[in-house]
Every structure is written in structure tokens, then in C-alpha cells.
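Trainee: One structure coming up, written as C-alpha cells, with questions to follow.
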Amino acid sequence: MFLSDIEIAQQTNMKVINSICDEINIPDKYVENYGKYKAKIDYKYLQNELRDSEDAKLILVTAINPTPAGEGKTTTTIGLGDALTKLNKKTIIALREPSLGPVFGVKGGAAGGGYAQVVPMEDINLHFTGDFHAIGAANNLLAAMIDNHIHQGNELDIDTRRIVWRRAVDMNDRQLRHIVNGLGGKTEGVPREDGFDITVASEIMAIFCLSNDIMDLKEKLSEIIVAYNRKGEPVTAGDLKAHGAMAALLKDALKPNIVQTLEGTPAFIHGGPFANIAHGCNSVIATRMASKIADFVVTEAGFGADLGAEKFIDIKCRKTGLKPSAVVIVATVKSLKYNGGIPKENLNEENLDALEKGIPNLLKHVENITQVFKLPAVVAINKFPTDTENELSLIKEKCKSLGVNVSLSEVWAKGSEGGIELANEVLRLAEEQCELQYCYDLDMTIKEKIKSIAQKLYGADDVEFSSKANKEILNFEKLGFGNLPICMAKNQYSLTDDAKILGRPTGFTITIRDITISAGAGFLVALTGDIMKMPGLPKKPAAENIDVDVNGKIKGLF
């Protein structure tokens, strides 16, 4: 009998979360329970007792560009963690929290699948411990304080035409992308154009995930640029005296969440910026805490190596000193055939010609990891019953030409048993000596950094900048922000800025339509093509299939 992901998860006998914490020696005084099966770990544990502990081997899981066929990156991450545990390695998994936007939209949640899941999956995929609500509240408190300051006399002389801070909600809602607010008369505020971003695209989310502790969080919050005054000077959250209250809203959310896999491997799930419009990595605090407790930490970066892995390395690793010991690049035979031009309904049929056309997408991601970032890598093929030996042999042959091995992963169907081959290859790679290199140097100009990413990682010939982008670049360099790293906002489906162009295209140009600043998070955001920070729901949203019965049991959640 075929069971859905949620049915598998609901049949699992979970351990009480305190026993999971006991197994990895987290003192009870740092464990804050949220029911029986999830808890937060006080960040003071990292400060007080773990600071001098040796760091674990950090394993980064990334993938090719996603396709409708699905790749199973989170599933592979979880299954690999379970397989390492089965091989008697003290392992912790570090993941992002799912956003309600994809859960109710088209992509789905982020708790894995089949027999490689984190549980309780319903809680994780819905409200969890309320972190996203706290982040949204902090975002919108700042927005309210901006408009209130203007209404109360505008002492900071904010130019209402140059307010750059937007409101946020953790939902796909295209209706809120562009709004006019403050209507209704003199006592109702000052009318102006505004808009909403999805919470995972908020700078608060980025700051939350890049902060080392509560005081670092508060300092970063104070540096957020919310607007410009009539002289063209930045106005910050610190100028509005908003950062203290914002930090107060986030003080409990900042504590990492701990849950477990179906097989009882501990998992920190904390923070959740998207990788197409934000930096796509879980929190620094959770990664560091896991690294001080375990011998191996398996973490993931959103979407393909052109997005999440690049930002993990060029932003997160650069800011923290973290360094992956090995990288796993996930693909499927189906997704590679899709990249080769085969429609979704025909992907179950053997097609070596289409596969050969699609494999270059995988090889580009392999080159990004091994040749640009100089890290050891393995390709994990998430195996399906329809995959043929001819297809698998072709992938292995092509990857071997780049000096990279291919391991088959069957964790969706077999749990940890299906990840042993991959785990053994990861253990071998983790012992290799490597020198992490970044894609660009911070002392390069803003345009040089963007071109370096586009040319080295996407394979673009050149980059074009709109007049608006050129204007913003000059402004940010004039204000002293030219040395910040770059967070590229690009569609996840293609190496180009056009989602319809699959495979490994050549001869294309990336267009930068705008540049924004996340001064608190410490990076510049380059918006390409038609990428937007508030998605919309599809024609048939996943929300239509989700329900709850009289006993409170959730159905239809994948």
C-alpha cells in the first residue's frame, strides 16, 4: 500500500524531545519545550558551554536547478543524516523552516519525504514554534513606526517618496505587492504607495539568520535603512529607536528549534530565507550550535548551486568562517531529462538523447563547486524505479570526466539504509584537504562582483544594468557600501534570468533591473529579470487539498 508523506509521518512513534536532547548531552536547563516533540535550545548554551568545543565536519547539500519532476534535496539531506547516524557518526541535521507561502502554494513544505522526514511534519510545515510570526511582527512594527513618525511631525525629515521598507506577511498574496495606504483623512495617516514582501524575503529574516547572539541581532537591526531624508541621507531603524523593541519581539525566536527525523537523528530547524530572493540558509546560531555538539552536521542551501550554495559560501561562510568539508549535489534522472527538453508526462521512459542534453546542467553545478569554490563534491542521484542502468551509467560516465563520483540515494523509499553508499562517499570526501575559495573579492566594485557571479557561476557572457540599477550602484558606493557581498535575486529554474531556458545555455546576458541594500544583514541585493519578493498562488493551490478532521488530524499535507 502506498502511503503519503503525512501518513508515514503520522505513523511514526516519536521520542519525547527531551530524550533526543539527552542523547546529545544538552543540559536540561537550556531546553525549552514546545509540547512533547519539539523544543527550543537557549542560545546561551552556545555562549556559555560550547564556545571552545571542536567544530564538526560540515556537509553542504545542494542541487541542480529545480524542475517540476522534483529533485529531493531536503529528503536527501535528512536521509544522509540518518545514514551517517547509522554508521555510528554523531550527526545533527540543520535545516531551514518552511514558509507558509509554498506550503499552501505549489512547491510544498520542507520536511523531507517518504522515509526520510523530520517530524512532527505537520507542526514544522505550519506554525511550528512561531518564529516566522515573530519575524513578521518585527518587520511590521518597524513599518508602523516609520509611518507614525511621519504622521507625528516627521522630525527626521523622511522623504515619503523614498521609503524603502515594506510590510511583510508569510503568505503568497500577489494582491499585496503594490498598495496605497494611509487613506481616509487626516487622522488615518499620510497617503503613500507601499507594498508587502513575503516574510522570508524580509531583511529581518536575513538578519535573524546571520546574527551571532541577541546583542549582535539588535545592532544589525539598528543598521537597517528604511528610507532617505530630503537631503538623500539614509534613515535607519536605529534613528527611529525601533531596534530594541524589534529585538524584544525576536528574543525567543532566536533560540534554535530542535526536532527529530523518523529514525531519531536530531535536527535543528531554524530560520528560512528563500534562496531565489534571499540568501537561502538556516541560522548561523543553529549551524554553530550543531557544529559544537556533533561530529558531522548535514545542512542544505536552497535551490541549485548557482543560488543557495553560492550564497552559503559567499555570504554565510565569509561572514562566519564556516567551511564545508564536502558538498553533495542532488539530481534525478527525470530532472535531467526534463532539462534535456522532455515534457513531464514522458519522463518515465528511457531517453538517453534527452538525458545527454540535460546532463550539462548538472555538470555546470559540479564545476561551480569543484572549480570555482574548490570544494570536494559527490553527485547524489535520487533514484526512482523507472531509472534504467543505461541512464545511470551515462550520468556516472559524464561526472567521472570531472573527477566526481556518483552515489545512488534511495532514502525516500528505504530511509537510512538507502543512504549508506552516499554516506560512505561523504565520509571519504570529508577527509580530503581543501582550500575554500570565494567567487569574488569584497574589494571589487559592485558591478565586478555581480559580473563575477554571472560569468563564473551562471555561464553568462555579460551583465546589463538598467538606468535605475546604475543610479543605485553609484548611490551605494557614494554612501560607503561598495564593499558588501552580493545577494543575487534570480529565478531558480534556469542558470539565466529567464525561467524558460533550461539545460546549460551559452551566449546569454543577465539583466540587473534594480539594486537594493540590506545594510543590517550586510549585503546588497541584485534583482534580475522579473524576479519578485512576493509570490502568488497557482491556479490550483495546494491549500485546496489540506483539511483537518474532527479529532484535529491534518490531511492532504503532501
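For the C-alpha cells, the naming scheme is as follows: chains receive sequential letters (A, B, ...) according to their order of presentation, residues are indexed from 1 within each chain, and ligands are indexed from 1 in presentation order.
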Any chance you could list, as number ranges by chain, the residues in segment 231-346 of chain A that come up strand (DSSP E) when DSSP is run on the backbone?
Mentor: A: 234-236, 257-261, 266-269, 296-300, 326-331
Trainee: Store the residues picked out above, limited to C-alpha atoms, as a compact mmCIF listing (two decimals), in the first residue's frame.
Mentor:
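Written file, selection18.txt:
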# COMPACT_ATOMS: atom_id res chain seq x y z
CA PRO A 234 19.85 57.17 4.89
CA VAL A 235 17.36 56.91 7.75
CA THR A 236 17.78 53.76 9.85
CA ASN A 257 14.39 24.71 17.31
CA ILE A 258 15.20 21.02 17.78
CA VAL A 259 13.15 18.12 16.43
CA GLN A 260 13.99 14.63 15.14
CA THR A 261 13.95 12.54 11.98
CA PRO A 266 18.47 15.25 16.00
CA ALA A 267 17.58 18.12 13.65
CA PHE A 268 17.90 21.86 14.22
CA ILE A 269 15.33 23.70 12.09
CA PHE A 296 29.05 15.77 11.48
CA VAL A 297 26.50 18.43 10.57
CA VAL A 298 24.46 17.97 7.40
CA THR A 299 22.90 21.19 6.17
CA GLU A 300 21.32 22.37 2.94
CA ALA A 326 32.21 18.18 1.41
CA VAL A 327 29.32 19.08 -0.86
CA VAL A 328 26.50 16.84 -2.11
CA ILE A 329 24.85 17.84 -5.41
CA VAL A 330 21.41 16.25 -5.79
CA ALA A 331 19.81 15.38 -9.12
Trainee: May I ask which of the residues A:Pro385, A:Ser494, A:Ala138, A:Glu71 is the closest one to Ala245 of chain A, counting only C-alpha atoms?
Mentor: A:Ala138
Trainee: Excluding segment 278-293 of chain A and residues on its chain fewer than 5 positions from it, collect all residues at most 7 Å away from it, counting only C-alpha atoms, and give them as a ChimeraX atom specification.
Mentor: /A:24,46,50,53-56,92,94-96,201,209-212,256,268,270-273,301-302,308,311-312,487,489
Trainee: What is the atom CA of Val200 of chain A to atom CA of Ser452 of chain A distance in Å?
Mentor: 26.0 Å
Trainee: When you look at Phe196 of chain A with a cut-off of 9 Å (counting only C-alpha atoms), what residues show up, excluding the ones that are within fewer than 6 positions of it in the same chain? I need them as a VMD selection string.
Mentor: chain A and resid 166 to 169 173 to 174 176 to 179 533 to 534
